[in-house]
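Undergrad: Quick one: structure below, then a few questions.
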Amino acid sequence: MNTALQHLPPQQLRPLLASYALAASARRRRMVAGLTVFLACVLVAGWWVGVDLAMFIDKIGAFGSYFSRLFRLDSGALAWTDPADWFWGWRKWLALLGETLLIAYTGTLLGAMGGFALCFLAASNLTPATPRWLARRFLEFCRTVPEIVFALIFVLAFGLGPMAGVLALMIHTFGALGKLYTEIVENIDMKPADGISSTGGTRLATIAYAVVPQTLSGMVTCTLLRLEINFRGASIMGFVGAGGIGQELISAVRKFYYTDVSALLIMIIFTVFILDIITSRILRRLNTTG
Amino acid sequence: MNKLFAKDQIAETTRRHRGAMVIGRSRRRQQAMFAIGALVLLSFGLVQAEVSPTRILAGLGRLGEFIVLMIPPDAGSSTRTYVEALGETLSIALLGTMLAALAALPLAILASRNILPIWLVRVLMRRGFDSIRGVDTLIWALIWIGVVGLGPFAGVLAIATSDLGAFGKLFSETLETADQRPVEGIRSTGGTALQELRYGILPQVLPLIAGQILYYFESNTRSATIIGIVGAGGIGLHLSEQIRTLEWQKVSFIIVLVLVTVAVIDFISSKLRAAISGARPV
């Protein structure tokens, strides 16, 4: 190919360049306007919160020293040189970690059951508008109020302990999974459902034989991912007295038992890793065989 | 079915496709075992949490009383305080999200396979992001209170830290989905690595990243409402205080205030997200 690049004559090029400049400047103007609004919001927010950059620079060094204290035992030795002293309370902590896992599991499963029961009522392809609206607003309420707020209230109603945590996670999971399940149900192929209702099948039969088989694997995926999120949620339930490892963590922080804090955090992170590995393995197996 | 096929025909088919049928049956048995195991664990959990019918009934009764006491929502004389605290919550969410995004972008670039093909750096960054995400925002708030003291500043840093983990993962995954052809084009004309990034990759991913940031801002307004519970600023402090002092009308006022605000933010942000993804086609 020996065709040289063609240059347009200037009189032809000028209008093209002008219209390009116009389009580019319009885009740039919009960008600048957006950035200005954004920066204004940031400045207002900074003023409202009382951000003090001098203090920030002053305190950022404190973060380093806080971290070094997290890993220094009372004897002055670095924590990993003496794991027995670092994880001195591992028996109690493991039991609490188990309780946390159990809270997460129980709350997730109960919430998933509720979400499963309600998602068909909230799906636009199965339910008329009025009951659907009610179901959706209810789910929305359950997932918008943070679980720790439910936990605060439930601790007063049901007493201190893991039961309040389980119920709080259940309500929140119910709202969150209910919505995800609804979306899955709305995306199914309606032909099997039409087939069953055309032969005179009841609504229940339609859902059981046409809808559920199509949605089950998607629902299991969402639920497993939710289990991970809920473990994190369960780890803070103890902050308000609703069971699990959070109680131990918050008291260690408040009493400045630095190495206990780091030991507990490491246990939590490690559990999250293991959960992550297990759920992704289950998901992979489900996706290959199902 | 039975009308269409004779009995021996069905028996014949079953025999011929025995493999498939038996697998189906063992699969069903496996599923049943799995379900039973799940239910046993569930009931163990319920026993451990000391859930009992009497406790549930008593608790529901008390919950009913609380709800009756909540109506109508009424802030008393503290409306101004609550609205100001809500402003603080929104500010915390905005600043935290912004800080996290600013810090996460360069880190995510380091963790992207197509930009920096160094295995060790990538794995370390990814694990680091995962560790940060494994710790809840409220725990980060506690840690930052230990460093910078009580107040909204600790809240900003808590949101920023926990989002750093999420953004790092999301951004690097987004960067990896970028089309490599523009990059190759720039490289072929002699562009530097920095130019490849700036003109080849960033224009593709920035709209997506902006959408993700907005989405997280939405979810952070929710988290920012609760970090006050441990003393990291915002409306959560008032909420937990009023719950503990059983001022139920104020509690319901704050909850309604939060719900309305979150709905408004969701609405605005979903409009913005639609505008970003529509105005700048990827």
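Residues are named by chain letter and number: chains run A, B, ... in the order of the structure tokens, numbers start at 1 in each chain, and ligands are numbered from 1 in the order shown.
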If we count only C-alpha atoms, what is near Ala252 of chain A at a cut-off of 12 Å, once residues fewer than 4 positions away on the same chain are taken out, given as an mmCIF file with all heavy atoms, in the first residue's frame?

TA:
```cif
data_model
loop_
_atom_site.group_PDB
_atom_site.id
_atom_site.type_symbol
_atom_site.label_atom_id
_atom_site.label_comp_id
_atom_site.auth_asym_id
_atom_site.auth_seq_id
_atom_site.Cartn_x
_atom_site.Cartn_y
_atom_site.Cartn_z
ATOM 1 N N LEU A 70 -0.304 -2.112 68.025
ATOM 2 C CA LEU A 70 -1.169 -3.275 67.833
ATOM 3 C C LEU A 70 -0.356 -4.571 67.843
ATOM 4 O O LEU A 70 -0.866 -5.625 68.206
ATOM 5 C CB LEU A 70 -1.907 -3.176 66.494
ATOM 6 C CG LEU A 70 -3.144 -2.303 66.410
ATOM 7 C CD1 LEU A 70 -3.754 -2.398 65.032
ATOM 8 C CD2 LEU A 70 -4.174 -2.712 67.443
ATOM 9 N N GLY A 89 -6.026 -15.845 74.515
ATOM 10 C CA GLY A 89 -7.417 -16.185 74.814
ATOM 11 C C GLY A 89 -8.069 -17.000 73.710
ATOM 12 O O GLY A 89 -9.281 -16.915 73.533
ATOM 13 N N PHE A 239 -21.132 -5.290 69.418
ATOM 14 C CA PHE A 239 -20.959 -3.891 69.820
ATOM 15 C C PHE A 239 -22.171 -3.393 70.591
ATOM 16 O O PHE A 239 -22.048 -2.515 71.437
ATOM 17 C CB PHE A 239 -20.768 -2.985 68.593
ATOM 18 C CG PHE A 239 -19.438 -3.105 67.924
ATOM 19 C CD1 PHE A 239 -18.605 -4.170 68.191
ATOM 20 C CD2 PHE A 239 -19.009 -2.142 67.027
ATOM 21 C CE1 PHE A 239 -17.373 -4.286 67.577
ATOM 22 C CE2 PHE A 239 -17.776 -2.249 66.405
ATOM 23 C CZ PHE A 239 -16.961 -3.325 66.688
ATOM 24 N N ILE A 245 -18.391 -12.191 68.399
ATOM 25 C CA ILE A 245 -17.041 -11.784 68.774
ATOM 26 C C ILE A 245 -16.923 -10.275 68.968
ATOM 27 O O ILE A 245 -15.954 -9.790 69.563
ATOM 28 C CB ILE A 245 -16.053 -12.292 67.699
ATOM 29 C CG1 ILE A 245 -14.641 -12.401 68.274
ATOM 30 C CG2 ILE A 245 -16.072 -11.411 66.472
ATOM 31 C CD1 ILE A 245 -13.730 -13.273 67.450
ATOM 32 N N GLY A 246 -17.922 -9.515 68.488
ATOM 33 C CA GLY A 246 -17.848 -8.056 68.577
ATOM 34 C C GLY A 246 -17.745 -7.540 70.000
ATOM 35 O O GLY A 246 -17.061 -6.551 70.273
ATOM 36 N N GLN A 247 -18.403 -8.231 70.929
ATOM 37 C CA GLN A 247 -18.357 -7.829 72.338
ATOM 38 C C GLN A 247 -16.924 -7.785 72.848
ATOM 39 O O GLN A 247 -16.485 -6.818 73.463
ATOM 40 C CB GLN A 247 -19.175 -8.849 73.151
ATOM 41 C CG GLN A 247 -19.209 -8.580 74.618
ATOM 42 C CD GLN A 247 -20.185 -7.465 74.935
ATOM 43 O OE1 GLN A 247 -21.345 -7.545 74.547
ATOM 44 N NE2 GLN A 247 -19.701 -6.447 75.604
ATOM 45 N N GLU A 248 -16.192 -8.870 72.532
ATOM 46 C CA GLU A 248 -14.798 -8.986 72.967
ATOM 47 C C GLU A 248 -13.951 -7.910 72.294
ATOM 48 O O GLU A 248 -13.101 -7.286 72.919
ATOM 49 C CB GLU A 248 -14.307 -10.386 72.575
ATOM 50 C CG GLU A 248 -13.053 -10.830 73.253
ATOM 51 C CD GLU A 248 -13.266 -11.140 74.727
ATOM 52 O OE1 GLU A 248 -14.427 -11.266 75.150
ATOM 53 O OE2 GLU A 248 -12.252 -11.233 75.434
ATOM 54 N N PHE A 256 -7.889 -0.547 75.618
ATOM 55 C CA PHE A 256 -6.547 -0.404 75.042
ATOM 56 C C PHE A 256 -5.717 -1.666 75.175
ATOM 57 O O PHE A 256 -4.527 -1.601 75.420
ATOM 58 C CB PHE A 256 -5.817 0.793 75.689
ATOM 59 C CG PHE A 256 -6.574 2.071 75.538
ATOM 60 C CD1 PHE A 256 -7.229 2.635 76.618
ATOM 61 C CD2 PHE A 256 -6.668 2.701 74.300
ATOM 62 C CE1 PHE A 256 -7.952 3.815 76.479
ATOM 63 C CE2 PHE A 256 -7.381 3.874 74.160
ATOM 64 C CZ PHE A 256 -8.029 4.434 75.243
ATOM 65 N N TYR A 257 -6.336 -2.845 75.033
ATOM 66 C CA TYR A 257 -5.572 -4.091 74.953
ATOM 67 C C TYR A 257 -5.187 -4.276 73.492
ATOM 68 O O TYR A 257 -5.836 -5.010 72.755
ATOM 69 C CB TYR A 257 -6.411 -5.285 75.416
ATOM 70 C CG TYR A 257 -6.796 -5.253 76.876
ATOM 71 C CD1 TYR A 257 -7.876 -5.994 77.326
ATOM 72 C CD2 TYR A 257 -6.058 -4.523 77.795
ATOM 73 C CE1 TYR A 257 -8.232 -5.986 78.665
ATOM 74 C CE2 TYR A 257 -6.416 -4.506 79.132
ATOM 75 C CZ TYR A 257 -7.503 -5.234 79.559
ATOM 76 O OH TYR A 257 -7.842 -5.212 80.877
ATOM 77 N N TYR A 258 -4.101 -3.598 73.088
ATOM 78 C CA TYR A 258 -3.816 -3.508 71.655
ATOM 79 C C TYR A 258 -3.606 -4.853 70.984
ATOM 80 O O TYR A 258 -4.149 -5.125 69.921
ATOM 81 C CB TYR A 258 -2.580 -2.627 71.433
ATOM 82 C CG TYR A 258 -2.836 -1.186 71.752
ATOM 83 C CD1 TYR A 258 -2.342 -0.608 72.912
ATOM 84 C CD2 TYR A 258 -3.585 -0.402 70.888
ATOM 85 C CE1 TYR A 258 -2.589 0.711 73.211
ATOM 86 C CE2 TYR A 258 -3.831 0.924 71.184
ATOM 87 C CZ TYR A 258 -3.335 1.474 72.347
ATOM 88 O OH TYR A 258 -3.593 2.775 72.627
ATOM 89 N N THR A 259 -2.810 -5.731 71.636
ATOM 90 C CA THR A 259 -2.504 -6.992 70.950
ATOM 91 C C THR A 259 -3.749 -7.877 70.858
ATOM 92 O O THR A 259 -3.892 -8.639 69.913
ATOM 93 C CB THR A 259 -1.384 -7.752 71.673
ATOM 94 O OG1 THR A 259 -1.685 -7.771 73.069
ATOM 95 C CG2 THR A 259 -0.056 -7.079 71.453
ATOM 96 N N ASP A 260 -4.657 -7.743 71.828
ATOM 97 C CA ASP A 260 -5.917 -8.491 71.720
ATOM 98 C C ASP A 260 -6.683 -8.024 70.499
ATOM 99 O O ASP A 260 -7.268 -8.831 69.763
ATOM 100 C CB ASP A 260 -6.787 -8.265 72.960
ATOM 101 C CG ASP A 260 -6.267 -9.004 74.165
ATOM 102 O OD1 ASP A 260 -5.118 -9.468 74.087
ATOM 103 O OD2 ASP A 260 -7.002 -9.119 75.156
ATOM 104 N N VAL A 261 -6.685 -6.695 70.273
ATOM 105 C CA VAL A 261 -7.393 -6.165 69.109
ATOM 106 C C VAL A 261 -6.829 -6.775 67.839
ATOM 107 O O VAL A 261 -7.574 -7.279 66.993
ATOM 108 C CB VAL A 261 -7.265 -4.623 69.048
ATOM 109 C CG1 VAL A 261 -7.863 -4.095 67.762
ATOM 110 C CG2 VAL A 261 -7.932 -3.992 70.242
ATOM 111 N N SER A 262 -5.482 -6.784 67.717
ATOM 112 C CA SER A 262 -4.919 -7.305 66.474
ATOM 113 C C SER A 262 -5.183 -8.797 66.343
ATOM 114 O O SER A 262 -5.494 -9.287 65.257
ATOM 115 C CB SER A 262 -3.426 -7.008 66.397
ATOM 116 O OG SER A 262 -2.746 -7.618 67.464
ATOM 117 N N ALA A 263 -5.106 -9.530 67.478
ATOM 118 C CA ALA A 263 -5.365 -10.963 67.412
ATOM 119 C C ALA A 263 -6.803 -11.230 66.950
ATOM 120 O O ALA A 263 -7.047 -12.065 66.067
ATOM 121 C CB ALA A 263 -5.121 -11.604 68.778
ATOM 122 N N LEU A 264 -7.749 -10.486 67.514
ATOM 123 C CA LEU A 264 -9.156 -10.690 67.143
ATOM 124 C C LEU A 264 -9.383 -10.323 65.676
ATOM 125 O O LEU A 264 -10.082 -11.039 64.947
ATOM 126 C CB LEU A 264 -10.064 -9.854 68.048
ATOM 127 C CG LEU A 264 -10.210 -10.373 69.465
ATOM 128 C CD1 LEU A 264 -10.807 -9.316 70.371
ATOM 129 C CD2 LEU A 264 -11.093 -11.617 69.474
ATOM 130 N N LEU A 265 -8.780 -9.203 65.246
ATOM 131 C CA LEU A 265 -8.960 -8.790 63.852
ATOM 132 C C LEU A 265 -8.405 -9.851 62.908
ATOM 133 O O LEU A 265 -9.021 -10.181 61.893
ATOM 134 C CB LEU A 265 -8.244 -7.459 63.594
ATOM 135 C CG LEU A 265 -8.922 -6.227 64.150
ATOM 136 C CD1 LEU A 265 -8.127 -4.991 63.798
ATOM 137 C CD2 LEU A 265 -10.334 -6.105 63.595
ATOM 138 N N ILE B 139 -15.848 -1.550 62.652
ATOM 139 C CA ILE B 139 -14.589 -1.894 63.311
ATOM 140 C C ILE B 139 -13.510 -0.896 62.913
ATOM 141 O O ILE B 139 -12.731 -0.436 63.748
ATOM 142 C CB ILE B 139 -14.162 -3.332 62.945
ATOM 143 C CG1 ILE B 139 -15.221 -4.315 63.432
ATOM 144 C CG2 ILE B 139 -12.815 -3.660 63.552
ATOM 145 C CD1 ILE B 139 -14.943 -5.738 63.078
ATOM 146 N N LEU B 142 -13.886 2.120 64.945
ATOM 147 C CA LEU B 142 -13.306 1.958 66.277
ATOM 148 C C LEU B 142 -11.802 2.185 66.255
ATOM 149 O O LEU B 142 -11.242 2.878 67.111
ATOM 150 C CB LEU B 142 -13.565 0.539 66.784
ATOM 151 C CG LEU B 142 -14.808 0.278 67.601
ATOM 152 C CD1 LEU B 142 -14.801 -1.166 68.040
ATOM 153 C CD2 LEU B 142 -14.822 1.182 68.809
ATOM 154 N N ILE B 143 -11.138 1.591 65.260
ATOM 155 C CA ILE B 143 -9.683 1.722 65.175
ATOM 156 C C ILE B 143 -9.293 3.184 64.953
ATOM 157 O O ILE B 143 -8.411 3.712 65.624
ATOM 158 C CB ILE B 143 -9.144 0.841 64.037
ATOM 159 C CG1 ILE B 143 -9.323 -0.629 64.418
ATOM 160 C CG2 ILE B 143 -7.673 1.136 63.764
ATOM 161 C CD1 ILE B 143 -8.917 -1.585 63.347
ATOM 162 N N GLY B 146 -9.396 5.322 67.896
ATOM 163 C CA GLY B 146 -8.191 5.175 68.699
ATOM 164 C C GLY B 146 -7.055 6.049 68.207
ATOM 165 O O GLY B 146 -6.206 6.465 68.983
#
```

Undergrad: I need the contact residues of chain A against chain B, so if you could list those with any atom within 8 Å, counting only C-alpha atoms, and return them as JSON, numbers by chain, that would help.

TA: {"A": [42, 44, 45, 46, 48, 49, 50, 51, 59, 62, 63, 66, 99, 102, 103, 105, 106, 109, 144, 145, 146, 148, 149, 152, 153, 154, 157, 158, 159, 161, 162, 163, 166, 232, 233, 235, 236, 250, 253, 265, 268, 269, 272, 273]}

Undergrad: Go through A:Gly64, A:Ala234, A:Leu177, A:Trp133 one by one, measure the shortest atom-to-atom distance of each to Ala151 of chain A using only C-alpha atoms, and give the residue with the smallest value.

TA: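 Smallest distance to Ala151 of chain A is found for A:Ala234.
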
Undergrad: Do a neighbour search on Thr79 of chain B at 12 Å with only C-alpha atoms, toss out local chain neighbours closer than 5 positions, and write the hits as a CSV table (one decimal) with N, CA, C and O atoms, in the first residue's frame.

TA:
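Just written: selection.csv:
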```csv
chain,number,residue,atom,x,y,z
B,73,PRO,N,-44.1,10.0,64.8
B,73,PRO,CA,-42.7,10.4,64.9
B,73,PRO,C,-42.7,11.8,65.3
B,73,PRO,O,-43.4,12.7,64.8
B,74,ASP,N,-41.8,12.2,66.3
B,74,ASP,CA,-41.8,13.5,66.8
B,74,ASP,C,-40.4,13.8,67.3
B,74,ASP,O,-39.9,13.0,68.2
B,84,GLU,N,-28.9,18.7,61.4
B,84,GLU,CA,-27.4,19.0,61.3
B,84,GLU,C,-26.6,17.7,61.3
B,84,GLU,O,-25.7,17.5,60.6
B,85,ALA,N,-27.0,16.8,62.2
B,85,ALA,CA,-26.3,15.5,62.3
B,85,ALA,C,-26.4,14.7,61.0
B,85,ALA,O,-25.5,14.1,60.5
B,86,LEU,N,-27.6,14.9,60.4
B,86,LEU,CA,-27.8,14.2,59.1
B,86,LEU,C,-26.9,14.8,58.0
B,86,LEU,O,-26.3,14.1,57.2
B,235,ILE,N,-25.5,10.9,62.5
B,235,ILE,CA,-26.7,10.8,63.2
B,235,ILE,C,-26.8,9.5,64.0
B,235,ILE,O,-27.7,9.4,64.9
B,238,HIS,N,-27.1,10.0,67.8
B,238,HIS,CA,-28.4,10.4,68.3
B,238,HIS,C,-29.3,9.2,68.3
B,238,HIS,O,-30.1,9.0,69.3
B,250,LYS,N,-38.7,10.0,69.1
B,250,LYS,CA,-37.6,10.5,68.5
B,250,LYS,C,-36.9,9.5,67.6
B,250,LYS,O,-36.4,9.8,66.5
B,251,VAL,N,-36.9,8.2,68.1
B,251,VAL,CA,-36.3,7.1,67.3
B,251,VAL,C,-36.9,7.0,65.9
B,251,VAL,O,-36.3,7.0,64.9
B,253,PHE,N,-38.7,9.2,64.4
B,253,PHE,CA,-38.4,10.4,63.6
B,253,PHE,C,-37.1,10.3,62.9
B,253,PHE,O,-37.0,10.5,61.7
B,254,ILE,N,-36.0,9.9,63.6
B,254,ILE,CA,-34.7,9.8,63.0
B,254,ILE,C,-34.7,8.7,61.9
B,254,ILE,O,-34.2,8.9,60.8
B,257,LEU,N,-36.4,10.0,58.9
B,257,LEU,CA,-35.5,11.0,58.3
B,257,LEU,C,-34.4,10.3,57.5
B,257,LEU,O,-34.2,10.7,56.3
```

Undergrad: Report the closest atom pair, with its distance in Å rounded to one decimal, for each residue of segment 52-170 of chain B that has an atom no farther than 12 Å from segment 180-190 of chain B; count only C-alpha atoms, sort by chain and then rising residue number, and write it as a tab-separated table.

TA:
```
residue	atom	partner	partner_atom	distance
B:Arg113	CA	B:Gln180	CA	11.6
B:Asn114	CA	B:Gln180	CA	8.1
B:Ile115	CA	B:Gln180	CA	9.8
```

Undergrad: Only C-alpha atoms, please: the residues just picked out, written as a JSON list (two decimals), in the first residue's frame.

TA:
```json
[["chain", "number", "residue", "atom", "x", "y", "z"],
["B", 113, "ARG", "CA", -2.83, -7.76, 35.20],
["B", 114, "ASN", "CA", -2.94, -5.87, 31.89],
["B", 115, "ILE", "CA", -1.04, -2.83, 33.19]]
```

Undergrad: Using DSSP on the backbone coordinates, identify the residues of segment 52-92 of chain A assigned to helix (DSSP H, G or I); present them as an NGL selection string.

TA: :A and (53-70 or 79-81 or 83-86 or 90-92)

Undergrad: Keeping N, CA and C atoms, export the residues of the selection given above as a CSV table (one decimal), in the first residue's frame.

TA:
```csv
chain,number,residue,atom,x,y,z
A,53,LEU,N,-7.0,20.1,58.1
A,53,LEU,CA,-5.9,19.5,57.4
A,53,LEU,C,-4.6,19.4,58.3
A,54,ALA,N,-4.4,20.5,59.1
A,54,ALA,CA,-3.3,20.5,60.0
A,54,ALA,C,-3.3,19.4,61.0
A,55,MET,N,-4.6,19.1,61.5
A,55,MET,CA,-4.7,18.1,62.4
A,55,MET,C,-4.5,16.7,61.8
A,56,PHE,N,-5.0,16.6,60.5
A,56,PHE,CA,-4.9,15.4,59.8
A,56,PHE,C,-3.4,15.0,59.6
A,57,ILE,N,-2.6,16.0,59.2
A,57,ILE,CA,-1.2,15.7,59.0
A,57,ILE,C,-0.5,15.4,60.3
A,58,ASP,N,-1.0,16.1,61.4
A,58,ASP,CA,-0.5,15.8,62.7
A,58,ASP,C,-0.8,14.4,63.2
A,59,LYS,N,-2.0,14.0,62.8
A,59,LYS,CA,-2.5,12.7,63.4
A,59,LYS,C,-2.1,11.5,62.5
A,60,ILE,N,-1.7,11.8,61.2
A,60,ILE,CA,-1.4,10.6,60.4
A,60,ILE,C,-0.2,9.8,60.9
A,61,GLY,N,0.7,10.5,61.6
A,61,GLY,CA,1.8,9.8,62.2
A,61,GLY,C,1.3,8.9,63.3
A,62,ALA,N,0.2,9.3,64.0
A,62,ALA,CA,-0.3,8.5,65.1
A,62,ALA,C,-0.8,7.2,64.6
A,63,PHE,N,-1.2,7.1,63.3
A,63,PHE,CA,-1.7,5.9,62.7
A,63,PHE,C,-0.6,4.8,62.8
A,64,GLY,N,0.6,5.3,62.3
A,64,GLY,CA,1.7,4.4,62.4
A,64,GLY,C,2.0,3.9,63.8
A,65,SER,N,2.0,4.8,64.7
A,65,SER,CA,2.4,4.3,66.1
A,65,SER,C,1.3,3.5,66.6
A,66,TYR,N,0.0,3.8,66.2
A,66,TYR,CA,-1.1,2.9,66.7
A,66,TYR,C,-0.9,1.5,66.2
A,67,PHE,N,-0.5,1.4,64.9
A,67,PHE,CA,-0.3,0.1,64.3
A,67,PHE,C,0.9,-0.7,65.0
A,68,SER,N,1.9,0.1,65.3
A,68,SER,CA,3.1,-0.6,65.9
A,68,SER,C,2.7,-1.1,67.3
A,69,ARG,N,1.8,-0.3,68.0
A,69,ARG,CA,1.3,-0.8,69.3
A,69,ARG,C,0.4,-2.0,69.1
A,70,LEU,N,-0.3,-2.1,68.0
A,70,LEU,CA,-1.2,-3.3,67.8
A,70,LEU,C,-0.4,-4.6,67.8
A,79,ALA,N,4.7,-9.1,68.4
A,79,ALA,CA,3.7,-10.1,68.7
A,79,ALA,C,4.0,-11.4,68.1
A,80,TRP,N,4.5,-11.5,66.8
A,80,TRP,CA,4.6,-12.8,66.2
A,80,TRP,C,5.8,-13.6,66.7
A,81,THR,N,6.6,-13.0,67.6
A,81,THR,CA,7.7,-13.8,68.2
A,81,THR,C,7.1,-14.7,69.3
A,83,PRO,N,3.5,-16.2,69.7
A,83,PRO,CA,2.1,-16.4,69.4
A,83,PRO,C,1.3,-16.9,70.6
A,84,ALA,N,1.9,-17.6,71.5
A,84,ALA,CA,1.1,-18.1,72.6
A,84,ALA,C,0.6,-17.0,73.5
A,85,ASP,N,1.5,-16.0,73.7
A,85,ASP,CA,1.1,-14.8,74.5
A,85,ASP,C,0.1,-13.9,73.7
A,86,TRP,N,0.4,-13.8,72.4
A,86,TRP,CA,-0.5,-13.0,71.5
A,86,TRP,C,-1.9,-13.5,71.5
A,90,TRP,N,-7.3,-17.8,73.0
A,90,TRP,CA,-7.8,-18.4,71.7
A,90,TRP,C,-9.0,-19.3,72.0
A,91,ARG,N,-9.0,-20.0,73.1
A,91,ARG,CA,-10.1,-20.9,73.4
A,91,ARG,C,-11.5,-20.1,73.4
A,92,LYS,N,-11.5,-19.0,74.2
A,92,LYS,CA,-12.7,-18.2,74.3
A,92,LYS,C,-13.0,-17.6,73.0
```
